[in-house]
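Participant: For reference, the structure I am asking about is given below.
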Amino acid sequence: MLVIGAGIVGCAIARELAKFKLETVLLDKESDVCCGVSKGNSGVLHTGLYYPKGSLKAKLCVEGRLMFPKLARQLNVPYKLCGKHVIARTNEELKDLEDLKIVGEENGVQGLTIISGKELKKREPNVDALAALYSPVAGIIVPYLFTIALAENALNNGVRIHFNSKVSAIKQVNSGYKVTTNQGVFYTDIIVNSAGLYADRISAMVGLDKYKLYPCRGEYLILDKKCSQLINSMIYPVPPKIAGVLGVHLTPTIDGNVLIGPSAEFINGREDSRTTKEKIQQLMWGAKKLLPSIPLNEIIYAFSAVRSKITPPEEKESRDFIIQEDPKNFINLIGIESPGLTASPALAKMVAQIIKKRRDIQEKADFSPIRRRTTPFGEASRTEQSSLIKEDPAYGEMVCRCEHVSKREILDALNNPFSARTINAVKYRTRAGMGRCHGGFCLPKIVEILKEEYGTRSTEINLKNLKSPLFVGATKDLREKEEND
Amino acid sequence: MIDFVSRNVDLIVIGGGPAGLAAAISAKKNGVQDLIIIERNNWLGGILLQCIHDGFGLELFRKPLTGPEYAQIYIDQLKELKIPFMLNSMVLEITPEKKVFVASPKGLFCFYAKAVILAMGCRERTRGQICIPGTRPAGVYTAGVAQNLINLKNIMVGKDVVILGSGDIGMIMARRLTLEGARVHAVVEILPHTNGLPRNIQQCLIDYEIPLLLSHTVTEIEGTNRVKSICISPVKDNLEPIKEKEDKIKCDTLLLSIGLIPENDLSKSCGVELSSITGGAVVDENLETSMQGVFACGNVLHVHDVVDYVTLEAEKAGKSASEYILGRQRMEQRIRVEIGTGIRYVLPHYISKDTDLELSLRVVSPGEDLSIGFFDGEKLVKTRKFRRVHPAQMIKIKLKRSETRAINTLKAEVLQK
């Protein structure tokens with residue numbers, strides 16, 4: 001088995017396939033898992049309000065969400081059912097809420113109620129509206145921690161992962177495929193194409209040109225943790241009448257930040273994940289509209305990611321996920337946009353079912369679903385913190401001041417099974433650098449640890465992949481060069 | 001079950017930089033025997049150790065010292081006075097009851113303190129806080145981080161550099177990078193005037209022929225993996241960029257010197273009231289915060305221009321803390337100092353009448369030949385003339401006991417001639 005793409009979908013599939021007696025390889029062109037839109041989204045576990053009855057989106061979203069409590073426990077990833085309010089400000093929007101409720105109930109979403117503006121005010125003192133549709137089973141998760149956990153658990157159960165491996169050609173040979181990458185050639189029986197934004201290009205390599213993806217950039221703003229009291233649940237507007245777009249919403253994160261966004265903008269360049277002045281302003285206005293008292297001076301960062309949409313910009317209705325075997329032994333996952341995160345575990349099961357039809361695969365007796373995680377110092381109680389330091393003094397040395405991340409957590413993150421040693425790899429695993437100073441205090445310390453523990457030279461330290469060097473050399477290097485010239 | 005190390009202490013000083021050192025020394029000299037400094041780095045002296053340029057100590061020692069030299073004077077005194085300190089130790093929380101939790105490799109400590117001096121310094125404003133649009137490549141640093149890497153770790157951050165913001169660290173780093181062989185293409189400042197000291201404009205920019213672009217800002221960062229170029233635009237009077245006049249500079253590094261923020265996240269955990277203007281605690285003339293027995297000094301209180309003033313302020317905080325521990329009562333009759341035209345802030349926020357006072361203040365914008373006046377209602381209490389004022393320079397004005405004897409209110413104002 002060869003799975004191309006180590007985003008949420010690819011990692012969920014790899015972890016599912018790890019349950020069987022198969023040789024599975026997961027490939028990605030980046031130097032870590034979760035480098036695309038899998039890390040740049042709202043981190044919402046959707047309930048299935050928005051999707052047409054009978055669609056894969058509706059089915060897999062509802063099924064997937066029900067799998068999360070157990071999965072999150074097994075993988076040691078924090079998640080929270082914080083609920084969601086879709087708010088209506090006009091009578092027209094109130095009617096939209098009723099329609100949404102009907103669609104949701106048809107899709108099997110439980111517990112949907114429409115509450116008055118007064119009731120909403122009790123639950124969300126900062127939000128004013130006429131009424132709101134409340135969905136109690138909507139939740140939040142940290143999408144990159146979830147992806148990392150899936151991949152680590154897959155690896156522990158025998159899946160091999162190759163990073164920095166970009167697929168350049170796929171050829172049918174006998175009953176299988178020959179896959180050429182910049183890191184070597186792989187022969188495989190079955191290919192799973194979970195390449196996200198590049199899934200159309202991968203399928204084009206086997207002659208399928210029927211899929212076309214439209215890159216759509218989503219920008220976000222993130223508020224300081226000190227704003228954690230601002231909202232208790234997700235606050236959404238009634239979705240605008242644009243395909244697959246939910247509108248600027250406010251999402252609390254597991255760590256206490258508040259996300260504003262995303263925007264939705266069709267763009268040409270698939271790697272063009274810049275933020276723009278225009279969208280930043282739109283997000284600020286959108287947020288003010290939902291929550292007039294929102295403290296925009298507490299924004300600590302702006303980021304964006306590019307979504308892979310299969311719906312052309314001019315279409316009104318969002319197209320469904322495509323999960324299709326075509327040609328034989330080549331499984332395509334195309335246009336896995338929102339609710340892809342929520343659907344991922346169900347989607348992985350579906351892919352395994354397709355494979356079962358092709359091959360008689362046996363479950364492994366020794367599959368271990370449990371993934372261990374270093375206890376984050378900042379989340380522990382004072383008594384726990386005390387015993388953690390006793391257990392290992394490195395727990396008592398704070399590296400990241402804003403997020404209270406200890407040296408022990410940094411060491412464990414650097415020691416990850418994928419050997420991903422970029423500054424971002426550390427950041428997404430530990431939160432070091434995600435706080436209000438944005439790495440001002442911890443970057444020099446992490447650099448020091450990399451030098452001491454791994455003997456890394458300063459010119460070998462990268463921000464996010466092998467081509468993003470943080471430093472140009474040692475002091476005096478440039479001066480000496482000048483003098484020699 | 002409580003299994004962390006607990007102990008009582010008269011005074012805990014949070015931070016071992018210039019403010020914490022001077023505060024602890026002064027407290028000890030004023031009679032506090034049982035005190036300790038908590039420092040999160042594995043050195044004393046704080047940010048001074050990465051400030052290898054000179055110009056420190058001109059006020060107090062009448063000679064230009066480097067940062068490490070200045071710090072060493074106080075570190076030596078601290079050791080002479082046998083004041084204990086913990087390195088590599090970070091305060092996690094201060095409760096309103098002044099229980100101070102400290103994480104260190106030696107364990108988790110809980111101090112029950114009679115008094116606390118906040119001396120945590122400040123942090124730098126980042127790219128995210130001003131939402132500079134563009135990509136997110138390697139090569140964007142705050143000036144202080146770059147200074148740390150270059151001066152303490154001998155690491156060069158880039159070869160072709162643009163600096164946004166004309167704060168002192170930005171200008172000092174422009175010179176430092178030039179001396180190390182990098183090319184500094186420009187220092188870009190959105191305001192029509194610089195944000196740093198005049199001496200730094202001369203000694204760091206003009207002397208090295210580094211262009212200073214006033215009323216300009218960075219409008220976009222380009223480059224996927226490493227910074228490739230920076231777009232800069234002139235700005236209108238309302239600070240909005242003029243898009244048509246945008247220019248592109250090819251470079252590999254952007255340094256940010258766009259402001260310092262007093263680091264008061266801990267102060268909030270114990271309920272200290274903060275000022276929205278300074279970002280630091282609201283204090284009275286004893287530098288006592290809204291929480292009794294909690295004092296603040298140095299850059300955690302308000303961002304200073306020169307370290308000498310930090311030291312003086314910290315000595316005052318140390319003395320006040322010692323008086324508190326030895327049983328002085330908090331004054332009850334307090335006057336809130338009001339801010340008039342042209343004044344950004346005045347410290348302290350509260351004073352009591354019939355005392356000798358020294359006020360620290362900053363103006364809103366640069367000016368020449370003007371005076372600053374203090375009023376009690378309509379009545380002028382005091383004026384002082386200035387040939388030149390600048391927001392980057394802190395102004396100190398003394399009010400004598402005779403001048404504060406009869407006041408009921410106090411308001412500071414810039415008076416045009």
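Ordering of the structure tokens sets the chain letters (A, B, ...); residue numbers start at 1 within each chain; ligands are numbered from 1 in the order shown.
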Return as CSV the residues of chain A lying at most 6 Å from chain B, together with the closest atom-to-atom pair for each and the distance in Å to one decimal, counting only C-alpha atoms, with rows in chain order and ascending residue number.

Facilitator:
```
residue,atom,partner,partner_atom,distance
A:Arg274,CA,B:Thr135,CA,4.1
A:Thr275,CA,B:Gly134,CA,4.9
A:Thr276,CA,B:Pro133,CA,4.9
A:Lys277,CA,B:Pro133,CA,5.6
A:Ile299,CA,B:Gln129,CA,5.7
A:Ile300,CA,B:Gln129,CA,4.8
A:Tyr301,CA,B:Gly128,CA,3.8
A:Ala302,CA,B:Gly128,CA,5.9
A:Ser386,CA,B:Leu108,CA,5.0
A:Ile389,CA,B:Gly107,CA,5.6
A:Pro393,CA,B:Pro105,CA,4.3
A:Gly396,CA,B:Pro105,CA,4.1
A:Glu397,CA,B:Pro105,CA,5.5
A:Gly440,CA,B:Val145,CA,5.8
A:Leu463,CA,B:Ala138,CA,5.7
A:Ser468,CA,B:Asn225,CA,4.5
A:Leu470,CA,B:Ala138,CA,5.4
A:Phe471,CA,B:Val157,CA,4.6
A:Val472,CA,B:Gly158,CA,5.5
A:Gly473,CA,B:Met156,CA,5.4
A:Ala474,CA,B:Ile155,CA,4.4
A:Thr475,CA,B:Asn154,CA,5.0
A:Lys476,CA,B:Glu180,CA,5.9
A:Leu478,CA,B:Gly181,CA,5.0
A:Arg479,CA,B:Gly181,CA,4.5
```

Participant: Quick one: pick out all alpha helix (DSSP H) residues within stretch 190-394 of chain B from a backbone DSSP run and write them as an MDAnalysis selection string.

Facilitator: chainID B and resid 198:200 265:269 307:325

Participant: Mind writing the picked residues with C-alpha atoms as a compact mmCIF listing (two decimals), in the first residue's frame?

Facilitator:
```
# COMPACT_ATOMS: atom_id res chain seq x y z
CA PRO B 198 18.51 61.27 19.03
CA ARG B 199 22.02 60.05 19.88
CA ASN B 200 21.21 56.69 18.31
CA ASP B 265 0.79 38.44 32.56
CA LEU B 266 1.89 37.46 36.06
CA SER B 267 0.75 40.74 37.56
CA LYS B 268 -2.71 40.00 36.26
CA SER B 269 -2.77 36.62 37.98
CA VAL B 307 18.69 51.92 32.21
CA ASP B 308 19.90 54.46 34.76
CA TYR B 309 16.31 55.54 35.34
CA VAL B 310 15.30 51.90 35.74
CA THR B 311 17.88 51.57 38.49
CA LEU B 312 16.69 54.70 40.28
CA GLU B 313 13.07 53.62 40.07
CA ALA B 314 13.94 50.12 41.31
CA GLU B 315 15.86 51.53 44.27
CA LYS B 316 12.74 53.42 45.20
CA ALA B 317 10.60 50.29 44.90
CA GLY B 318 13.07 48.38 47.10
CA LYS B 319 12.93 51.10 49.73
CA SER B 320 9.12 51.21 49.64
CA ALA B 321 8.88 47.44 49.95
CA SER B 322 11.16 47.53 52.99
CA GLU B 323 9.00 50.21 54.63
CA TYR B 324 5.91 48.11 53.92
CA ILE B 325 7.50 45.01 55.45
```

Participant: With a distance cut-off of 12 Å and only C-alpha atoms, select the neighbouring residues of B:Ile25, excluding the residue or stretch itself and same-chain residues fewer than 5 positions from it, and output the selection as number ranges by chain.

Facilitator: B: 11, 13, 16, 18-20, 30-33, 35-37, 73-85, 311-312, 314-319, 321-322

Participant: Could the residues in this selection be saved with N, CA and C atoms as an mmCIF file, in the first residue's frame?

Facilitator:
```cif
data_model
loop_
_atom_site.group_PDB
_atom_site.id
_atom_site.type_symbol
_atom_site.label_atom_id
_atom_site.label_comp_id
_atom_site.auth_asym_id
_atom_site.auth_seq_id
_atom_site.Cartn_x
_atom_site.Cartn_y
_atom_site.Cartn_z
ATOM 1 N N LEU B 11 10.358 39.153 51.283
ATOM 2 C CA LEU B 11 10.267 39.838 49.992
ATOM 3 C C LEU B 11 10.734 38.925 48.871
ATOM 4 N N VAL B 13 11.563 39.104 44.809
ATOM 5 C CA VAL B 13 11.773 40.011 43.677
ATOM 6 C C VAL B 13 11.712 39.169 42.419
ATOM 7 N N GLY B 16 15.690 39.163 37.583
ATOM 8 C CA GLY B 16 17.054 39.513 37.995
ATOM 9 C C GLY B 16 17.756 40.389 36.978
ATOM 10 N N PRO B 18 18.196 44.552 35.439
ATOM 11 C CA PRO B 18 18.602 45.775 36.132
ATOM 12 C C PRO B 18 17.604 46.213 37.201
ATOM 13 N N ALA B 19 16.305 46.081 36.955
ATOM 14 C CA ALA B 19 15.318 46.517 37.941
ATOM 15 C C ALA B 19 15.347 45.611 39.168
ATOM 16 N N GLY B 20 15.316 44.311 38.952
ATOM 17 C CA GLY B 20 15.289 43.358 40.063
ATOM 18 C C GLY B 20 16.536 43.468 40.923
ATOM 19 N N ASN B 30 17.947 48.705 53.085
ATOM 20 C CA ASN B 30 16.943 49.361 53.929
ATOM 21 C C ASN B 30 16.358 48.422 54.982
ATOM 22 N N GLY B 31 17.028 47.305 55.197
ATOM 23 C CA GLY B 31 16.674 46.507 56.356
ATOM 24 C C GLY B 31 15.936 45.198 56.115
ATOM 25 N N VAL B 32 15.647 44.853 54.864
ATOM 26 C CA VAL B 32 14.974 43.574 54.633
ATOM 27 C C VAL B 32 16.040 42.467 54.643
ATOM 28 N N GLN B 33 15.896 41.531 55.535
ATOM 29 C CA GLN B 33 16.897 40.465 55.653
ATOM 30 C C GLN B 33 16.526 39.227 54.845
ATOM 31 N N LEU B 35 15.011 37.861 51.817
ATOM 32 C CA LEU B 35 14.515 38.153 50.464
ATOM 33 C C LEU B 35 15.174 37.221 49.455
ATOM 34 N N ILE B 36 14.565 37.132 48.283
ATOM 35 C CA ILE B 36 15.145 36.288 47.239
ATOM 36 C C ILE B 36 14.754 36.835 45.857
ATOM 37 N N ILE B 37 15.671 36.689 44.912
ATOM 38 C CA ILE B 37 15.398 37.074 43.517
ATOM 39 C C ILE B 37 15.112 35.799 42.722
ATOM 40 N N ILE B 73 28.251 45.774 37.931
ATOM 41 C CA ILE B 73 28.334 46.623 39.133
ATOM 42 C C ILE B 73 27.304 46.152 40.161
ATOM 43 N N TYR B 74 26.085 45.868 39.670
ATOM 44 C CA TYR B 74 25.009 45.486 40.581
ATOM 45 C C TYR B 74 25.095 44.012 40.983
ATOM 46 N N ILE B 75 25.591 43.189 40.062
ATOM 47 C CA ILE B 75 25.755 41.767 40.409
ATOM 48 C C ILE B 75 26.795 41.644 41.527
ATOM 49 N N ASP B 76 27.872 42.427 41.432
ATOM 50 C CA ASP B 76 28.911 42.409 42.475
ATOM 51 C C ASP B 76 28.341 42.843 43.827
ATOM 52 N N GLN B 77 27.549 43.922 43.795
ATOM 53 C CA GLN B 77 26.941 44.413 45.047
ATOM 54 C C GLN B 77 26.020 43.377 45.656
ATOM 55 N N LEU B 78 25.258 42.717 44.780
ATOM 56 C CA LEU B 78 24.310 41.700 45.229
ATOM 57 C C LEU B 78 25.043 40.583 45.952
ATOM 58 N N LYS B 79 26.180 40.182 45.377
ATOM 59 C CA LYS B 79 26.939 39.080 45.969
ATOM 60 C C LYS B 79 27.595 39.522 47.272
ATOM 61 N N GLU B 80 28.065 40.768 47.290
ATOM 62 C CA GLU B 80 28.643 41.318 48.510
ATOM 63 C C GLU B 80 27.623 41.321 49.650
ATOM 64 N N LEU B 81 26.406 41.690 49.309
ATOM 65 C CA LEU B 81 25.345 41.748 50.317
ATOM 66 C C LEU B 81 24.738 40.378 50.594
ATOM 67 N N LYS B 82 25.261 39.372 49.901
ATOM 68 C CA LYS B 82 24.796 37.986 50.087
ATOM 69 C C LYS B 82 23.286 37.856 49.918
ATOM 70 N N ILE B 83 22.779 38.472 48.869
ATOM 71 C CA ILE B 83 21.343 38.350 48.589
ATOM 72 C C ILE B 83 21.124 37.075 47.772
ATOM 73 N N PRO B 84 20.279 36.182 48.244
ATOM 74 C CA PRO B 84 20.092 34.926 47.512
ATOM 75 C C PRO B 84 19.292 35.100 46.219
ATOM 76 N N PHE B 85 19.576 34.290 45.242
ATOM 77 C CA PHE B 85 18.821 34.319 43.981
ATOM 78 C C PHE B 85 18.707 32.908 43.424
ATOM 79 N N THR B 311 17.192 51.807 37.220
ATOM 80 C CA THR B 311 17.876 51.568 38.486
ATOM 81 C C THR B 311 17.317 52.469 39.589
ATOM 82 N N LEU B 312 17.189 53.756 39.269
ATOM 83 C CA LEU B 312 16.688 54.705 40.281
ATOM 84 C C LEU B 312 15.279 54.332 40.733
ATOM 85 N N ALA B 314 13.904 51.391 40.580
ATOM 86 C CA ALA B 314 13.939 50.125 41.314
ATOM 87 C C ALA B 314 14.418 50.337 42.743
ATOM 88 N N GLU B 315 15.384 51.255 42.918
ATOM 89 C CA GLU B 315 15.861 51.532 44.273
ATOM 90 C C GLU B 315 14.717 52.066 45.138
ATOM 91 N N LYS B 316 13.898 52.876 44.492
ATOM 92 C CA LYS B 316 12.735 53.425 45.202
ATOM 93 C C LYS B 316 11.755 52.300 45.567
ATOM 94 N N ALA B 317 11.520 51.400 44.626
ATOM 95 C CA ALA B 317 10.599 50.287 44.898
ATOM 96 C C ALA B 317 11.139 49.420 46.033
ATOM 97 N N GLY B 318 12.452 49.193 46.038
ATOM 98 C CA GLY B 318 13.072 48.382 47.098
ATOM 99 C C GLY B 318 12.880 49.042 48.460
ATOM 100 N N LYS B 319 13.073 50.352 48.469
ATOM 101 C CA LYS B 319 12.931 51.096 49.729
ATOM 102 C C LYS B 319 11.464 51.032 50.208
ATOM 103 N N ALA B 321 9.221 48.798 49.513
ATOM 104 C CA ALA B 321 8.883 47.442 49.954
ATOM 105 C C ALA B 321 9.410 47.212 51.361
ATOM 106 N N SER B 322 10.606 47.727 51.650
ATOM 107 C CA SER B 322 11.162 47.531 52.987
ATOM 108 C C SER B 322 10.306 48.260 54.023
#
```

Participant: Residues at most 9 Å from B:Val346, counting only C-alpha atoms, excluding those fewer than 2 positions away in the same chain, as a PyMOL selection string?

Facilitator: chain B and resi 337-339+343-344+348-349+359-362+412

Participant: Generate the output file for the selected residues, N, CA and C atoms, as a PDB file, in the first residue's frame.

Facilitator:
```pdb
ATOM      1  N   VAL B 337      -3.271  61.548  39.349  1.00  0.00           N
ATOM      2  CA  VAL B 337      -2.653  62.523  38.443  1.00  0.00           C
ATOM      3  C   VAL B 337      -3.356  62.431  37.097  1.00  0.00           C
ATOM      4  N   GLU B 338      -3.855  63.569  36.615  1.00  0.00           N
ATOM      5  CA  GLU B 338      -4.580  63.542  35.340  1.00  0.00           C
ATOM      6  C   GLU B 338      -3.692  63.951  34.185  1.00  0.00           C
ATOM      7  N   ILE B 339      -4.080  63.455  32.989  1.00  0.00           N
ATOM      8  CA  ILE B 339      -3.296  63.674  31.782  1.00  0.00           C
ATOM      9  C   ILE B 339      -3.978  64.767  30.970  1.00  0.00           C
ATOM     10  N   ILE B 343       0.304  65.210  26.680  1.00  0.00           N
ATOM     11  CA  ILE B 343       1.003  64.286  27.585  1.00  0.00           C
ATOM     12  C   ILE B 343       0.500  62.865  27.335  1.00  0.00           C
ATOM     13  N   ARG B 344       1.436  61.906  27.166  1.00  0.00           N
ATOM     14  CA  ARG B 344       0.992  60.533  26.963  1.00  0.00           C
ATOM     15  C   ARG B 344       0.712  59.853  28.303  1.00  0.00           C
ATOM     16  N   PRO B 348       4.088  58.543  39.020  1.00  0.00           N
ATOM     17  CA  PRO B 348       3.038  57.584  39.369  1.00  0.00           C
ATOM     18  C   PRO B 348       1.641  58.094  39.026  1.00  0.00           C
ATOM     19  N   HIS B 349       0.706  57.151  39.042  1.00  0.00           N
ATOM     20  CA  HIS B 349      -0.673  57.497  38.733  1.00  0.00           C
ATOM     21  C   HIS B 349      -1.352  58.174  39.913  1.00  0.00           C
ATOM     22  N   LEU B 359       8.167  63.025  39.246  1.00  0.00           N
ATOM     23  CA  LEU B 359       7.239  62.461  38.270  1.00  0.00           C
ATOM     24  C   LEU B 359       7.992  62.125  36.992  1.00  0.00           C
ATOM     25  N   SER B 360       7.661  60.980  36.404  1.00  0.00           N
ATOM     26  CA  SER B 360       8.220  60.603  35.099  1.00  0.00           C
ATOM     27  C   SER B 360       7.105  60.775  34.088  1.00  0.00           C
ATOM     28  N   LEU B 361       7.398  61.409  32.958  1.00  0.00           N
ATOM     29  CA  LEU B 361       6.325  61.546  31.977  1.00  0.00           C
ATOM     30  C   LEU B 361       6.864  61.531  30.554  1.00  0.00           C
ATOM     31  N   ARG B 362       5.958  61.257  29.648  1.00  0.00           N
ATOM     32  CA  ARG B 362       6.308  61.290  28.224  1.00  0.00           C
ATOM     33  C   ARG B 362       5.292  62.134  27.483  1.00  0.00           C
ATOM     34  N   ALA B 412      -1.212  67.306  34.400  1.00  0.00           N
ATOM     35  CA  ALA B 412      -0.042  67.719  33.616  1.00  0.00           C
ATOM     36  C   ALA B 412      -0.482  68.087  32.210  1.00  0.00           C
TER      37      ALA B 412
END
```

Participant: Find the distance between atom CA of B:Phe56 and atom CA of B:Cys204 and write it in Å to one decimal.

Facilitator: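 About the pair atom CA of B:Phe56 and atom CA of B:Cys204: they are 15.4 Å apart.
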
Participant: At a cut-off of 12 Å, using only C-alpha atoms, what residues contact B:Gln203? Leave out same-chain residues fewer than 2 positions from it and give the result as a PyMOL selection string.

Facilitator: chain B and resi 53-55+168+171-176+196-201+205-210

Participant: Generate a file of the selected residues that holds C-alpha atoms, formatted as a tab-separated table (two decimals), in the first residue's frame.

Facilitator:
```tsv
chain	number	residue	atom	x	y	z
B	53	HIS	CA	27.23	48.58	22.92
B	54	ASP	CA	28.07	51.40	25.31
B	55	GLY	CA	26.09	54.36	26.60
B	168	ASP	CA	16.49	52.17	19.90
B	171	MET	CA	18.84	51.40	15.27
B	172	ILE	CA	21.47	49.72	17.42
B	173	MET	CA	20.96	46.51	15.46
B	174	ALA	CA	21.28	48.40	12.17
B	175	ARG	CA	24.78	49.40	13.24
B	176	ARG	CA	25.60	45.99	14.69
B	196	GLY	CA	14.49	56.20	19.51
B	197	LEU	CA	16.97	58.51	21.17
B	198	PRO	CA	18.51	61.27	19.03
B	199	ARG	CA	22.02	60.05	19.88
B	200	ASN	CA	21.21	56.69	18.31
B	201	ILE	CA	20.06	58.31	15.06
B	205	LEU	CA	22.33	55.46	11.29
B	206	ILE	CA	23.91	58.69	10.05
B	207	ASP	CA	27.47	57.64	10.92
B	208	TYR	CA	27.00	54.44	8.92
B	209	GLU	CA	25.04	56.00	6.06
B	210	ILE	CA	22.00	53.80	6.69
```

Participant: For a quick check of understanding, using only C-alpha atoms, which of B:Thr341, B:Ser257, B:Thr217, B:Thr194 has the smallest distance to B:Lys245?

Facilitator: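 Among B:Thr341, B:Ser257, B:Thr217, B:Thr194, it is B:Thr217 that comes nearest to B:Lys245.
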
Participant: To one decimal place, how far is atom CA of A:Lys451 from atom CA of A:Arg421 in Å?

Facilitator: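 Between these atoms lies a distance of 11.6 Å.
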
Participant: Write out as a PyMOL selection string each polymer residue whose atoms come within 12 Å of A:Gln183, counting only C-alpha atoms; drop sequence neighbours fewer than 5 positions from it.

Facilitator: chain A and resi 27-29+162-168

Participant: From the set B:Ile12, B:Leu347, B:Val235, B:Val161, which residue has the shortest atom-to-atom contact distance to B:Leu191, counting only C-alpha atoms?

Facilitator: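 Looking at the shortest contact to B:Leu191, the residue is B:Val235.
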
Participant: Can you pull out every residue within 9 Å of A:Pro52, counting only C-alpha atoms, but drop anything in the same chain fewer than 2 positions away, and send it as a PDB file with N, CA and C atoms, in the first residue's frame?

Facilitator:
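Writing done, so here's result.pdb:
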```pdb
ATOM      1  N   LEU A  49     -24.630  19.744   9.823  1.00  0.00           N
ATOM      2  CA  LEU A  49     -25.774  20.625   9.621  1.00  0.00           C
ATOM      3  C   LEU A  49     -25.978  21.009   8.166  1.00  0.00           C
ATOM      4  N   TYR A  50     -24.882  21.119   7.452  1.00  0.00           N
ATOM      5  CA  TYR A  50     -24.957  21.875   6.213  1.00  0.00           C
ATOM      6  C   TYR A  50     -25.061  21.026   4.952  1.00  0.00           C
ATOM      7  N   GLY A  54     -27.865  12.280   2.356  1.00  0.00           N
ATOM      8  CA  GLY A  54     -27.393  11.208   1.488  1.00  0.00           C
ATOM      9  C   GLY A  54     -26.014  11.461   0.901  1.00  0.00           C
ATOM     10  N   SER A  55     -25.485  12.656   1.114  1.00  0.00           N
ATOM     11  CA  SER A  55     -24.154  12.942   0.558  1.00  0.00           C
ATOM     12  C   SER A  55     -23.095  12.250   1.411  1.00  0.00           C
ATOM     13  N   LEU A  56     -21.918  12.041   0.804  1.00  0.00           N
ATOM     14  CA  LEU A  56     -20.797  11.488   1.561  1.00  0.00           C
ATOM     15  C   LEU A  56     -20.412  12.436   2.688  1.00  0.00           C
ATOM     16  N   LYS A  57     -20.482  13.726   2.399  1.00  0.00           N
ATOM     17  CA  LYS A  57     -20.136  14.713   3.430  1.00  0.00           C
ATOM     18  C   LYS A  57     -21.012  14.519   4.672  1.00  0.00           C
ATOM     19  N   ALA A  58     -22.329  14.391   4.458  1.00  0.00           N
ATOM     20  CA  ALA A  58     -23.255  14.235   5.581  1.00  0.00           C
ATOM     21  C   ALA A  58     -22.983  12.925   6.319  1.00  0.00           C
ATOM     22  N   VAL A 103     -32.376  20.251   7.780  1.00  0.00           N
ATOM     23  CA  VAL A 103     -31.312  19.503   7.083  1.00  0.00           C
ATOM     24  C   VAL A 103     -30.499  18.701   8.087  1.00  0.00           C
ATOM     25  N   GLY A 104     -30.147  19.346   9.193  1.00  0.00           N
ATOM     26  CA  GLY A 104     -29.341  18.684  10.219  1.00  0.00           C
ATOM     27  C   GLY A 104     -30.044  17.446  10.754  1.00  0.00           C
ATOM     28  N   GLU A 106     -32.383  15.696   9.335  1.00  0.00           N
ATOM     29  CA  GLU A 106     -32.412  14.659   8.285  1.00  0.00           C
ATOM     30  C   GLU A 106     -31.098  13.897   8.234  1.00  0.00           C
ATOM     31  N   ASN A 107     -29.999  14.622   8.514  1.00  0.00           N
ATOM     32  CA  ASN A 107     -28.679  13.988   8.493  1.00  0.00           C
ATOM     33  C   ASN A 107     -28.381  13.211   9.776  1.00  0.00           C
ATOM     34  N   ASP A 320     -19.885  17.248  -3.598  1.00  0.00           N
ATOM     35  CA  ASP A 320     -19.597  16.251  -2.558  1.00  0.00           C
ATOM     36  C   ASP A 320     -18.137  15.782  -2.663  1.00  0.00           C
TER      37      ASP A 320
END
```

Participant: Take atom CA of B:Arg405 and atom CA of B:Ser352 and report the distance between them in Å, one decimal.

Facilitator: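 About the pair atom CA of B:Arg405 and atom CA of B:Ser352: they are 9.3 Å apart.
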